[in-house]
2 protein chains.
Amino acid sequence: MELDFDKMGGLVPAIIQDYETGQVLMLAYMNKIAWEKTLETGRAWFYSRSRDKQWMKGESSGHVQMVKEVYIDCDDDTVLLKVEQVGGAACHKGYASCFFRKLNGDVTIVGERLFDPDKVYNK
Amino acid sequence: MELDFDKMGGLVPAIIQDYETGQVLMLAYMNKIAWEKTLETGRAWFYSRSRDKQWMKGESSGHVQMVKEVYIDCDDDTVLLKVEQVGGAACHKGYASCFFRKLNGDVTIVGERLFDPDKVYNK
C-alpha cells in the first residue's frame, strides 16, 4: 500500500476520528516516516511543518492516540484514522476536538474545555 | 471570521462528514472563493488543483452536499462541514465515502458501491 506523498510536497493529510463516538477530533499531516511509525507503533504520528520533524501525538501532553482502524481514500492521498484518544482531549487548547467552534453567522464555542493547556504543556 | 489561507498557498482542507451518521465522507480543498460560495449558497464548493478552479460538489453528478453545520479548527486553517449528501454517495468512484478501503495488513474494500461512475459521469 503506497500513499501518494508527491501531490503535497511529501505530506498527506490525516483525519483523526474518535472510534467510538465518530467525533472528528483533528486534522494533521504525515510525512512518509510518520505514516510508517503510525503503522508500526499503533500510535498516531504526524509531521510538524513549523518544527520540520515528525512527532508522536501526545509525546508532551500524554494525550496519545491509540489507532483502532486505518482507512485510505480513493486517491491514495488522504488517510482516516479511528482512534482512542487517551485523556479525552485531542486539541492543544484543551478541547476534545480541535473543531470546537461553530460558525453560524457568528462564531460560537460549542466544545467544553477539558484541560488547561498552561498546566499540561508548561509543567 | 477569517480563515488562514496562507499556510497552504491559498487553500484550506475541508473535512466532509455526514450530519446524521457521523461517517467521514471525503476531504477536499477550498480556496477563498469556494469557502465564500459555500457559506453563501449552503452547498459545498471546493477548489480543484488539477483543473485550477472552484466547483460545486455535485455539479456534474447531481450529488450535491447540503451544508448543515460548519466548524473551524483551533488554528483557523481547517474546516469541518456536516452535510446531507444528496444521492447518498460522496465518492466519484460510487461509494458513500471516499474512505471505502481499510488497511489492516492488506487493503480491504469495506464500503458498498452505490452507483456506477460510468453511468453517472459519462451520460
# chains A, B, ... in the order shown; residues from 1 in each chain; ligands from 1
call {"tool": "calpha_fit_and_write", "arguments": {"fixed": "chain A", "moving": "chain B", "output": "mmCIF file with C-alpha atoms, in the first residue's frame"}}
result
data_model
loop_
_atom_site.group_PDB
_atom_site.id
_atom_site.type_symbol
_atom_site.label_atom_id
_atom_site.label_comp_id
_atom_site.auth_asym_id
_atom_site.auth_seq_id
_atom_site.Cartn_x
_atom_site.Cartn_y
_atom_site.Cartn_z
ATOM 1 C CA MET B 1 0.020 -0.012 0.010
ATOM 2 C CA GLU B 2 1.706 3.190 -1.215
ATOM 3 C CA LEU B 3 0.285 6.599 -0.372
ATOM 4 C CA ASP B 4 0.720 9.474 -2.805
ATOM 5 C CA PHE B 5 3.050 11.801 -0.915
ATOM 6 C CA ASP B 6 4.037 13.692 -4.072
ATOM 7 C CA LYS B 7 0.829 15.622 -4.525
ATOM 8 C CA MET B 8 1.502 17.794 -1.485
ATOM 9 C CA GLY B 9 5.277 18.019 -1.309
ATOM 10 C CA GLY B 10 5.841 14.909 0.798
ATOM 11 C CA LEU B 11 2.769 15.098 3.032
ATOM 12 C CA VAL B 12 -0.690 13.603 3.256
ATOM 13 C CA PRO B 13 -3.470 14.955 5.476
ATOM 14 C CA ALA B 14 -4.745 12.603 8.174
ATOM 15 C CA ILE B 15 -8.240 12.980 9.598
ATOM 16 C CA ILE B 16 -8.502 11.763 13.181
ATOM 17 C CA GLN B 17 -11.878 10.489 14.353
ATOM 18 C CA ASP B 18 -12.955 9.055 17.703
ATOM 19 C CA TYR B 19 -13.550 5.357 17.068
ATOM 20 C CA GLU B 20 -16.487 5.150 19.486
ATOM 21 C CA THR B 21 -18.379 8.419 19.080
ATOM 22 C CA GLY B 22 -17.456 9.281 15.483
ATOM 23 C CA GLN B 23 -16.486 12.820 16.535
ATOM 24 C CA VAL B 24 -13.858 14.325 14.232
ATOM 25 C CA LEU B 25 -11.021 15.296 16.566
ATOM 26 C CA MET B 26 -8.412 16.969 14.376
ATOM 27 C CA LEU B 27 -6.578 17.079 11.095
ATOM 28 C CA ALA B 28 -2.802 16.867 10.852
ATOM 29 C CA TYR B 29 -0.196 15.949 8.255
ATOM 30 C CA MET B 30 2.009 12.899 7.906
ATOM 31 C CA ASN B 31 5.251 12.528 6.016
ATOM 32 C CA LYS B 32 6.343 9.037 4.988
ATOM 33 C CA ILE B 33 8.216 8.460 8.238
ATOM 34 C CA ALA B 34 5.231 9.496 10.374
ATOM 35 C CA TRP B 35 2.941 7.217 8.339
ATOM 36 C CA GLU B 36 5.272 4.251 8.781
ATOM 37 C CA LYS B 37 5.723 4.970 12.499
ATOM 38 C CA THR B 38 1.934 5.109 12.880
ATOM 39 C CA LEU B 39 1.520 1.692 11.293
ATOM 40 C CA GLU B 40 4.438 0.185 13.228
ATOM 41 C CA THR B 41 3.533 1.525 16.671
ATOM 42 C CA GLY B 42 -0.265 1.748 16.571
ATOM 43 C CA ARG B 43 0.035 5.341 17.838
ATOM 44 C CA ALA B 44 -0.631 8.418 15.679
ATOM 45 C CA TRP B 45 2.489 10.195 14.434
ATOM 46 C CA PHE B 46 2.447 13.419 12.466
ATOM 47 C CA TYR B 47 4.777 15.800 10.731
ATOM 48 C CA SER B 48 5.096 19.293 12.137
ATOM 49 C CA ARG B 49 5.540 21.878 9.388
ATOM 50 C CA SER B 50 6.703 24.525 11.866
ATOM 51 C CA ARG B 51 9.278 22.267 13.560
ATOM 52 C CA ASP B 52 10.142 20.316 10.373
ATOM 53 C CA LYS B 53 10.071 16.923 12.073
ATOM 54 C CA GLN B 54 7.793 14.018 12.825
ATOM 55 C CA TRP B 55 6.378 13.674 16.326
ATOM 56 C CA MET B 56 4.124 11.300 18.218
ATOM 57 C CA LYS B 57 0.826 12.904 19.143
ATOM 58 C CA GLY B 58 0.804 13.111 22.945
ATOM 59 C CA GLU B 59 4.560 12.933 23.389
ATOM 60 C CA SER B 60 4.509 16.031 25.596
ATOM 61 C CA SER B 61 0.891 16.083 26.827
ATOM 62 C CA GLY B 62 0.497 12.329 27.334
ATOM 63 C CA HIS B 63 -2.636 12.524 25.162
ATOM 64 C CA VAL B 64 -1.598 9.703 22.876
ATOM 65 C CA GLN B 65 -3.917 8.433 20.124
ATOM 66 C CA MET B 66 -4.270 4.641 20.027
ATOM 67 C CA VAL B 67 -5.025 3.677 16.445
ATOM 68 C CA LYS B 68 -7.997 1.328 16.115
ATOM 69 C CA GLU B 69 -8.701 1.477 12.357
ATOM 70 C CA VAL B 70 -6.956 2.918 9.298
ATOM 71 C CA TYR B 71 -8.734 3.925 6.073
ATOM 72 C CA ILE B 72 -7.301 5.262 2.803
ATOM 73 C CA ASP B 73 -9.197 7.464 0.401
ATOM 74 C CA CYS B 74 -9.938 6.758 -3.257
ATOM 75 C CA ASP B 75 -6.959 8.821 -4.481
ATOM 76 C CA ASP B 76 -4.401 7.393 -2.031
ATOM 77 C CA ASP B 77 -3.670 10.922 -0.829
ATOM 78 C CA THR B 78 -5.635 11.201 2.435
ATOM 79 C CA VAL B 79 -5.958 8.866 5.416
ATOM 80 C CA LEU B 80 -8.593 8.502 8.104
ATOM 81 C CA LEU B 81 -7.631 7.091 11.488
ATOM 82 C CA LYS B 82 -10.185 5.957 14.034
ATOM 83 C CA VAL B 83 -8.523 6.282 17.410
ATOM 84 C CA GLU B 84 -8.965 6.034 21.128
ATOM 85 C CA GLN B 85 -7.949 9.450 22.441
ATOM 86 C CA VAL B 86 -6.113 8.996 25.737
ATOM 87 C CA GLY B 87 -7.119 11.754 28.169
ATOM 88 C CA GLY B 88 -10.218 12.548 26.104
ATOM 89 C CA ALA B 89 -8.819 15.751 24.567
ATOM 90 C CA ALA B 90 -7.116 15.942 21.167
ATOM 91 C CA CYS B 91 -6.795 19.721 20.923
ATOM 92 C CA HIS B 92 -3.765 21.513 22.313
ATOM 93 C CA LYS B 93 -6.149 24.191 23.536
ATOM 94 C CA GLY B 94 -7.748 21.671 25.904
ATOM 95 C CA TYR B 95 -10.863 20.669 23.989
ATOM 96 C CA ALA B 96 -11.925 17.161 22.983
ATOM 97 C CA SER B 97 -11.875 18.212 19.321
ATOM 98 C CA CYS B 98 -9.976 20.956 17.520
ATOM 99 C CA PHE B 99 -13.317 21.776 15.864
ATOM 100 C CA PHE B 100 -14.800 23.318 19.007
ATOM 101 C CA ARG B 101 -16.027 26.459 17.229
ATOM 102 C CA LYS B 102 -19.193 26.540 15.155
ATOM 103 C CA LEU B 103 -19.815 29.148 12.508
ATOM 104 C CA ASN B 104 -23.389 30.302 12.163
ATOM 105 C CA GLY B 105 -23.130 33.940 11.222
ATOM 106 C CA ASP B 106 -21.113 34.397 14.411
ATOM 107 C CA VAL B 107 -18.557 32.009 15.833
ATOM 108 C CA THR B 108 -19.716 30.116 18.922
ATOM 109 C CA ILE B 109 -17.654 27.862 21.172
ATOM 110 C CA VAL B 110 -19.570 24.605 21.327
ATOM 111 C CA GLY B 111 -16.935 22.365 22.912
ATOM 112 C CA GLU B 112 -16.159 22.037 26.601
ATOM 113 C CA ARG B 113 -12.584 22.641 27.686
ATOM 114 C CA LEU B 114 -11.303 19.514 29.401
ATOM 115 C CA PHE B 115 -7.844 20.690 30.452
ATOM 116 C CA ASP B 116 -5.852 23.877 30.938
ATOM 117 C CA PRO B 117 -3.048 23.983 28.342
ATOM 118 C CA ASP B 118 -0.812 26.015 30.679
ATOM 119 C CA LYS B 119 -0.861 23.173 33.187
ATOM 120 C CA VAL B 120 -0.318 20.399 30.660
ATOM 121 C CA TYR B 121 2.380 21.905 28.444
ATOM 122 C CA ASN B 122 4.305 24.082 30.918
ATOM 123 C CA LYS B 123 4.655 21.613 33.737
#
call {"tool": "select_by_dssp", "arguments": {"residues": "region 5-99 of chain A", "states": "helix (DSSP H, G or I)", "output": "number ranges by chain"}}
result
A: 6-8, 32-41
call {"tool": "write_last_selection", "arguments": {"atoms": "N, CA and C atoms", "output": "PDB file, in the first residue's frame"}}
result
ATOM      1  N   ASP A   6       3.518  12.693  -3.143  1.00  0.00           N
ATOM      2  CA  ASP A   6       4.051  13.699  -4.072  1.00  0.00           C
ATOM      3  C   ASP A   6       3.106  14.883  -4.269  1.00  0.00           C
ATOM      4  N   LYS A   7       1.812  14.604  -4.164  1.00  0.00           N
ATOM      5  CA  LYS A   7       0.831  15.636  -4.515  1.00  0.00           C
ATOM      6  C   LYS A   7       0.944  16.875  -3.639  1.00  0.00           C
ATOM      7  N   MET A   8       1.411  16.659  -2.394  1.00  0.00           N
ATOM      8  CA  MET A   8       1.511  17.800  -1.486  1.00  0.00           C
ATOM      9  C   MET A   8       2.915  17.914  -0.889  1.00  0.00           C
ATOM     10  N   LYS A  32       6.245  10.486   5.134  1.00  0.00           N
ATOM     11  CA  LYS A  32       6.338   9.030   4.984  1.00  0.00           C
ATOM     12  C   LYS A  32       6.798   8.383   6.288  1.00  0.00           C
ATOM     13  N   ILE A  33       7.710   9.033   6.983  1.00  0.00           N
ATOM     14  CA  ILE A  33       8.208   8.460   8.248  1.00  0.00           C
ATOM     15  C   ILE A  33       7.091   8.401   9.289  1.00  0.00           C
ATOM     16  N   ALA A  34       6.315   9.471   9.390  1.00  0.00           N
ATOM     17  CA  ALA A  34       5.220   9.499  10.373  1.00  0.00           C
ATOM     18  C   ALA A  34       4.175   8.424  10.056  1.00  0.00           C
ATOM     19  N   TRP A  35       3.885   8.257   8.768  1.00  0.00           N
ATOM     20  CA  TRP A  35       2.937   7.219   8.338  1.00  0.00           C
ATOM     21  C   TRP A  35       3.444   5.834   8.725  1.00  0.00           C
ATOM     22  N   GLU A  36       4.707   5.553   8.470  1.00  0.00           N
ATOM     23  CA  GLU A  36       5.269   4.242   8.792  1.00  0.00           C
ATOM     24  C   GLU A  36       5.334   4.019  10.303  1.00  0.00           C
ATOM     25  N   LYS A  37       5.676   5.070  11.036  1.00  0.00           N
ATOM     26  CA  LYS A  37       5.716   4.964  12.509  1.00  0.00           C
ATOM     27  C   LYS A  37       4.314   4.681  13.052  1.00  0.00           C
ATOM     28  N   THR A  38       3.311   5.318  12.454  1.00  0.00           N
ATOM     29  CA  THR A  38       1.925   5.108  12.887  1.00  0.00           C
ATOM     30  C   THR A  38       1.537   3.641  12.717  1.00  0.00           C
ATOM     31  N   LEU A  39       1.863   3.080  11.561  1.00  0.00           N
ATOM     32  CA  LEU A  39       1.510   1.677  11.302  1.00  0.00           C
ATOM     33  C   LEU A  39       2.311   0.728  12.194  1.00  0.00           C
ATOM     34  N   GLU A  40       3.578   1.056  12.420  1.00  0.00           N
ATOM     35  CA  GLU A  40       4.436   0.189  13.237  1.00  0.00           C
ATOM     36  C   GLU A  40       4.040   0.185  14.708  1.00  0.00           C
ATOM     37  N   THR A  41       3.711   1.375  15.220  1.00  0.00           N
ATOM     38  CA  THR A  41       3.536   1.516  16.671  1.00  0.00           C
ATOM     39  C   THR A  41       2.075   1.460  17.123  1.00  0.00           C
TER      40      THR A  41
END
call {"tool": "select_by_dssp", "arguments": {"residues": "chain A", "states": "strand (DSSP E)", "output": "ChimeraX atom specification"}}
result
/A:12-18,24-30,45-48,53-56,65-72,79-85,101-104,106-109
call {"tool": "decode", "arguments": {"residues": "region 7-50 of chain A", "atoms": "N, CA and C atoms", "output": "PDB file, in the first residue's frame"}}
result
ATOM      1  N   LYS A   7       1.812  14.604  -4.164  1.00  0.00           N
ATOM      2  CA  LYS A   7       0.831  15.636  -4.515  1.00  0.00           C
ATOM      3  C   LYS A   7       0.944  16.875  -3.639  1.00  0.00           C
ATOM      4  N   MET A   8       1.411  16.659  -2.394  1.00  0.00           N
ATOM      5  CA  MET A   8       1.511  17.800  -1.486  1.00  0.00           C
ATOM      6  C   MET A   8       2.915  17.914  -0.889  1.00  0.00           C
ATOM      7  N   GLY A   9       3.910  17.780  -1.733  1.00  0.00           N
ATOM      8  CA  GLY A   9       5.281  18.027  -1.295  1.00  0.00           C
ATOM      9  C   GLY A   9       5.754  17.126  -0.176  1.00  0.00           C
ATOM     10  N   GLY A  10       5.344  15.849  -0.201  1.00  0.00           N
ATOM     11  CA  GLY A  10       5.850  14.910   0.789  1.00  0.00           C
ATOM     12  C   GLY A  10       4.909  14.649   1.954  1.00  0.00           C
ATOM     13  N   LEU A  11       3.721  15.254   1.923  1.00  0.00           N
ATOM     14  CA  LEU A  11       2.776  15.105   3.038  1.00  0.00           C
ATOM     15  C   LEU A  11       1.418  14.570   2.569  1.00  0.00           C
ATOM     16  N   VAL A  12       0.734  13.893   3.470  1.00  0.00           N
ATOM     17  CA  VAL A  12      -0.690  13.606   3.256  1.00  0.00           C
ATOM     18  C   VAL A  12      -1.451  14.068   4.502  1.00  0.00           C
ATOM     19  N   PRO A  13      -2.659  14.616   4.313  1.00  0.00           N
ATOM     20  CA  PRO A  13      -3.474  14.955   5.475  1.00  0.00           C
ATOM     21  C   PRO A  13      -4.060  13.696   6.097  1.00  0.00           C
ATOM     22  N   ALA A  14      -4.151  13.718   7.420  1.00  0.00           N
ATOM     23  CA  ALA A  14      -4.749  12.606   8.167  1.00  0.00           C
ATOM     24  C   ALA A  14      -5.894  13.158   9.017  1.00  0.00           C
ATOM     25  N   ILE A  15      -7.070  12.618   8.782  1.00  0.00           N
ATOM     26  CA  ILE A  15      -8.240  12.978   9.593  1.00  0.00           C
ATOM     27  C   ILE A  15      -8.289  12.029  10.777  1.00  0.00           C
ATOM     28  N   ILE A  16      -8.455  12.578  11.968  1.00  0.00           N
ATOM     29  CA  ILE A  16      -8.497  11.749  13.173  1.00  0.00           C
ATOM     30  C   ILE A  16      -9.909  11.795  13.758  1.00  0.00           C
ATOM     31  N   GLN A  17     -10.488  10.605  13.898  1.00  0.00           N
ATOM     32  CA  GLN A  17     -11.879  10.485  14.352  1.00  0.00           C
ATOM     33  C   GLN A  17     -11.932   9.570  15.572  1.00  0.00           C
ATOM     34  N   ASP A  18     -12.768   9.927  16.534  1.00  0.00           N
ATOM     35  CA  ASP A  18     -12.956   9.053  17.701  1.00  0.00           C
ATOM     36  C   ASP A  18     -13.638   7.758  17.257  1.00  0.00           C
ATOM     37  N   TYR A  19     -13.054   6.625  17.600  1.00  0.00           N
ATOM     38  CA  TYR A  19     -13.564   5.347  17.065  1.00  0.00           C
ATOM     39  C   TYR A  19     -14.889   4.942  17.694  1.00  0.00           C
ATOM     40  N   GLU A  20     -15.212   5.510  18.845  1.00  0.00           N
ATOM     41  CA  GLU A  20     -16.483   5.141  19.479  1.00  0.00           C
ATOM     42  C   GLU A  20     -17.600   6.118  19.147  1.00  0.00           C
ATOM     43  N   THR A  21     -17.318   7.419  19.248  1.00  0.00           N
ATOM     44  CA  THR A  21     -18.385   8.410  19.071  1.00  0.00           C
ATOM     45  C   THR A  21     -18.500   8.908  17.632  1.00  0.00           C
ATOM     46  N   GLY A  22     -17.448   8.733  16.836  1.00  0.00           N
ATOM     47  CA  GLY A  22     -17.454   9.265  15.474  1.00  0.00           C
ATOM     48  C   GLY A  22     -17.124  10.754  15.414  1.00  0.00           C
ATOM     49  N   GLN A  23     -16.847  11.383  16.545  1.00  0.00           N
ATOM     50  CA  GLN A  23     -16.483  12.806  16.527  1.00  0.00           C
ATOM     51  C   GLN A  23     -15.152  13.002  15.795  1.00  0.00           C
ATOM     52  N   VAL A  24     -15.124  13.984  14.891  1.00  0.00           N
ATOM     53  CA  VAL A  24     -13.863  14.322  14.229  1.00  0.00           C
ATOM     54  C   VAL A  24     -13.039  15.146  15.213  1.00  0.00           C
ATOM     55  N   LEU A  25     -11.837  14.669  15.512  1.00  0.00           N
ATOM     56  CA  LEU A  25     -11.028  15.285  16.563  1.00  0.00           C
ATOM     57  C   LEU A  25     -10.058  16.331  16.028  1.00  0.00           C
ATOM     58  N   MET A  26      -9.438  16.061  14.886  1.00  0.00           N
ATOM     59  CA  MET A  26      -8.416  16.970  14.363  1.00  0.00           C
ATOM     60  C   MET A  26      -8.006  16.549  12.963  1.00  0.00           C
ATOM     61  N   LEU A  27      -7.257  17.414  12.327  1.00  0.00           N
ATOM     62  CA  LEU A  27      -6.571  17.076  11.082  1.00  0.00           C
ATOM     63  C   LEU A  27      -5.109  17.449  11.261  1.00  0.00           C
ATOM     64  N   ALA A  28      -4.236  16.560  10.808  1.00  0.00           N
ATOM     65  CA  ALA A  28      -2.805  16.873  10.841  1.00  0.00           C
ATOM     66  C   ALA A  28      -2.170  16.245   9.608  1.00  0.00           C
ATOM     67  N   TYR A  29      -0.886  16.440   9.454  1.00  0.00           N
ATOM     68  CA  TYR A  29      -0.196  15.948   8.255  1.00  0.00           C
ATOM     69  C   TYR A  29       0.830  14.893   8.636  1.00  0.00           C
ATOM     70  N   MET A  30       0.996  13.938   7.732  1.00  0.00           N
ATOM     71  CA  MET A  30       2.014  12.902   7.914  1.00  0.00           C
ATOM     72  C   MET A  30       2.991  12.950   6.753  1.00  0.00           C
ATOM     73  N   ASN A  31       4.285  12.842   7.058  1.00  0.00           N
ATOM     74  CA  ASN A  31       5.251  12.518   6.012  1.00  0.00           C
ATOM     75  C   ASN A  31       5.393  10.992   5.987  1.00  0.00           C
ATOM     76  N   LYS A  32       6.245  10.486   5.134  1.00  0.00           N
ATOM     77  CA  LYS A  32       6.338   9.030   4.984  1.00  0.00           C
ATOM     78  C   LYS A  32       6.798   8.383   6.288  1.00  0.00           C
ATOM     79  N   ILE A  33       7.710   9.033   6.983  1.00  0.00           N
ATOM     80  CA  ILE A  33       8.208   8.460   8.248  1.00  0.00           C
ATOM     81  C   ILE A  33       7.091   8.401   9.289  1.00  0.00           C
ATOM     82  N   ALA A  34       6.315   9.471   9.390  1.00  0.00           N
ATOM     83  CA  ALA A  34       5.220   9.499  10.373  1.00  0.00           C
ATOM     84  C   ALA A  34       4.175   8.424  10.056  1.00  0.00           C
ATOM     85  N   TRP A  35       3.885   8.257   8.768  1.00  0.00           N
ATOM     86  CA  TRP A  35       2.937   7.219   8.338  1.00  0.00           C
ATOM     87  C   TRP A  35       3.444   5.834   8.725  1.00  0.00           C
ATOM     88  N   GLU A  36       4.707   5.553   8.470  1.00  0.00           N
ATOM     89  CA  GLU A  36       5.269   4.242   8.792  1.00  0.00           C
ATOM     90  C   GLU A  36       5.334   4.019  10.303  1.00  0.00           C
ATOM     91  N   LYS A  37       5.676   5.070  11.036  1.00  0.00           N
ATOM     92  CA  LYS A  37       5.716   4.964  12.509  1.00  0.00           C
ATOM     93  C   LYS A  37       4.314   4.681  13.052  1.00  0.00           C
ATOM     94  N   THR A  38       3.311   5.318  12.454  1.00  0.00           N
ATOM     95  CA  THR A  38       1.925   5.108  12.887  1.00  0.00           C
ATOM     96  C   THR A  38       1.537   3.641  12.717  1.00  0.00           C
ATOM     97  N   LEU A  39       1.863   3.080  11.561  1.00  0.00           N
ATOM     98  CA  LEU A  39       1.510   1.677  11.302  1.00  0.00           C
ATOM     99  C   LEU A  39       2.311   0.728  12.194  1.00  0.00           C
ATOM    100  N   GLU A  40       3.578   1.056  12.420  1.00  0.00           N
ATOM    101  CA  GLU A  40       4.436   0.189  13.237  1.00  0.00           C
ATOM    102  C   GLU A  40       4.040   0.185  14.708  1.00  0.00           C
ATOM    103  N   THR A  41       3.711   1.375  15.220  1.00  0.00           N
ATOM    104  CA  THR A  41       3.536   1.516  16.671  1.00  0.00           C
ATOM    105  C   THR A  41       2.075   1.460  17.123  1.00  0.00           C
ATOM    106  N   GLY A  42       1.130   1.684  16.171  1.00  0.00           N
ATOM    107  CA  GLY A  42      -0.273   1.743  16.573  1.00  0.00           C
ATOM    108  C   GLY A  42      -0.614   3.015  17.329  1.00  0.00           C
ATOM    109  N   ARG A  43       0.280   4.001  17.271  1.00  0.00           N
ATOM    110  CA  ARG A  43       0.028   5.334  17.838  1.00  0.00           C
ATOM    111  C   ARG A  43       0.101   6.329  16.688  1.00  0.00           C
ATOM    112  N   ALA A  44      -0.653   7.434  16.773  1.00  0.00           N
ATOM    113  CA  ALA A  44      -0.641   8.413  15.686  1.00  0.00           C
ATOM    114  C   ALA A  44       0.616   9.272  15.749  1.00  0.00           C
ATOM    115  N   TRP A  45       1.317   9.316  14.627  1.00  0.00           N
ATOM    116  CA  TRP A  45       2.483  10.180  14.443  1.00  0.00           C
ATOM    117  C   TRP A  45       2.160  11.174  13.348  1.00  0.00           C
ATOM    118  N   PHE A  46       2.671  12.396  13.482  1.00  0.00           N
ATOM    119  CA  PHE A  46       2.433  13.421  12.475  1.00  0.00           C
ATOM    120  C   PHE A  46       3.748  14.106  12.112  1.00  0.00           C
ATOM    121  N   TYR A  47       3.632  14.976  11.119  1.00  0.00           N
ATOM    122  CA  TYR A  47       4.775  15.793  10.737  1.00  0.00           C
ATOM    123  C   TYR A  47       4.445  17.244  11.074  1.00  0.00           C
ATOM    124  N   SER A  48       5.311  17.899  11.790  1.00  0.00           N
ATOM    125  CA  SER A  48       5.100  19.296  12.136  1.00  0.00           C
ATOM    126  C   SER A  48       5.778  20.181  11.101  1.00  0.00           C
ATOM    127  N   ARG A  49       4.988  20.997  10.398  1.00  0.00           N
ATOM    128  CA  ARG A  49       5.551  21.891   9.396  1.00  0.00           C
ATOM    129  C   ARG A  49       6.390  22.976  10.054  1.00  0.00           C
ATOM    130  N   SER A  50       5.963  23.428  11.235  1.00  0.00           N
ATOM    131  CA  SER A  50       6.715  24.513  11.880  1.00  0.00           C
ATOM    132  C   SER A  50       8.037  24.004  12.455  1.00  0.00           C
TER     133      SER A  50
END
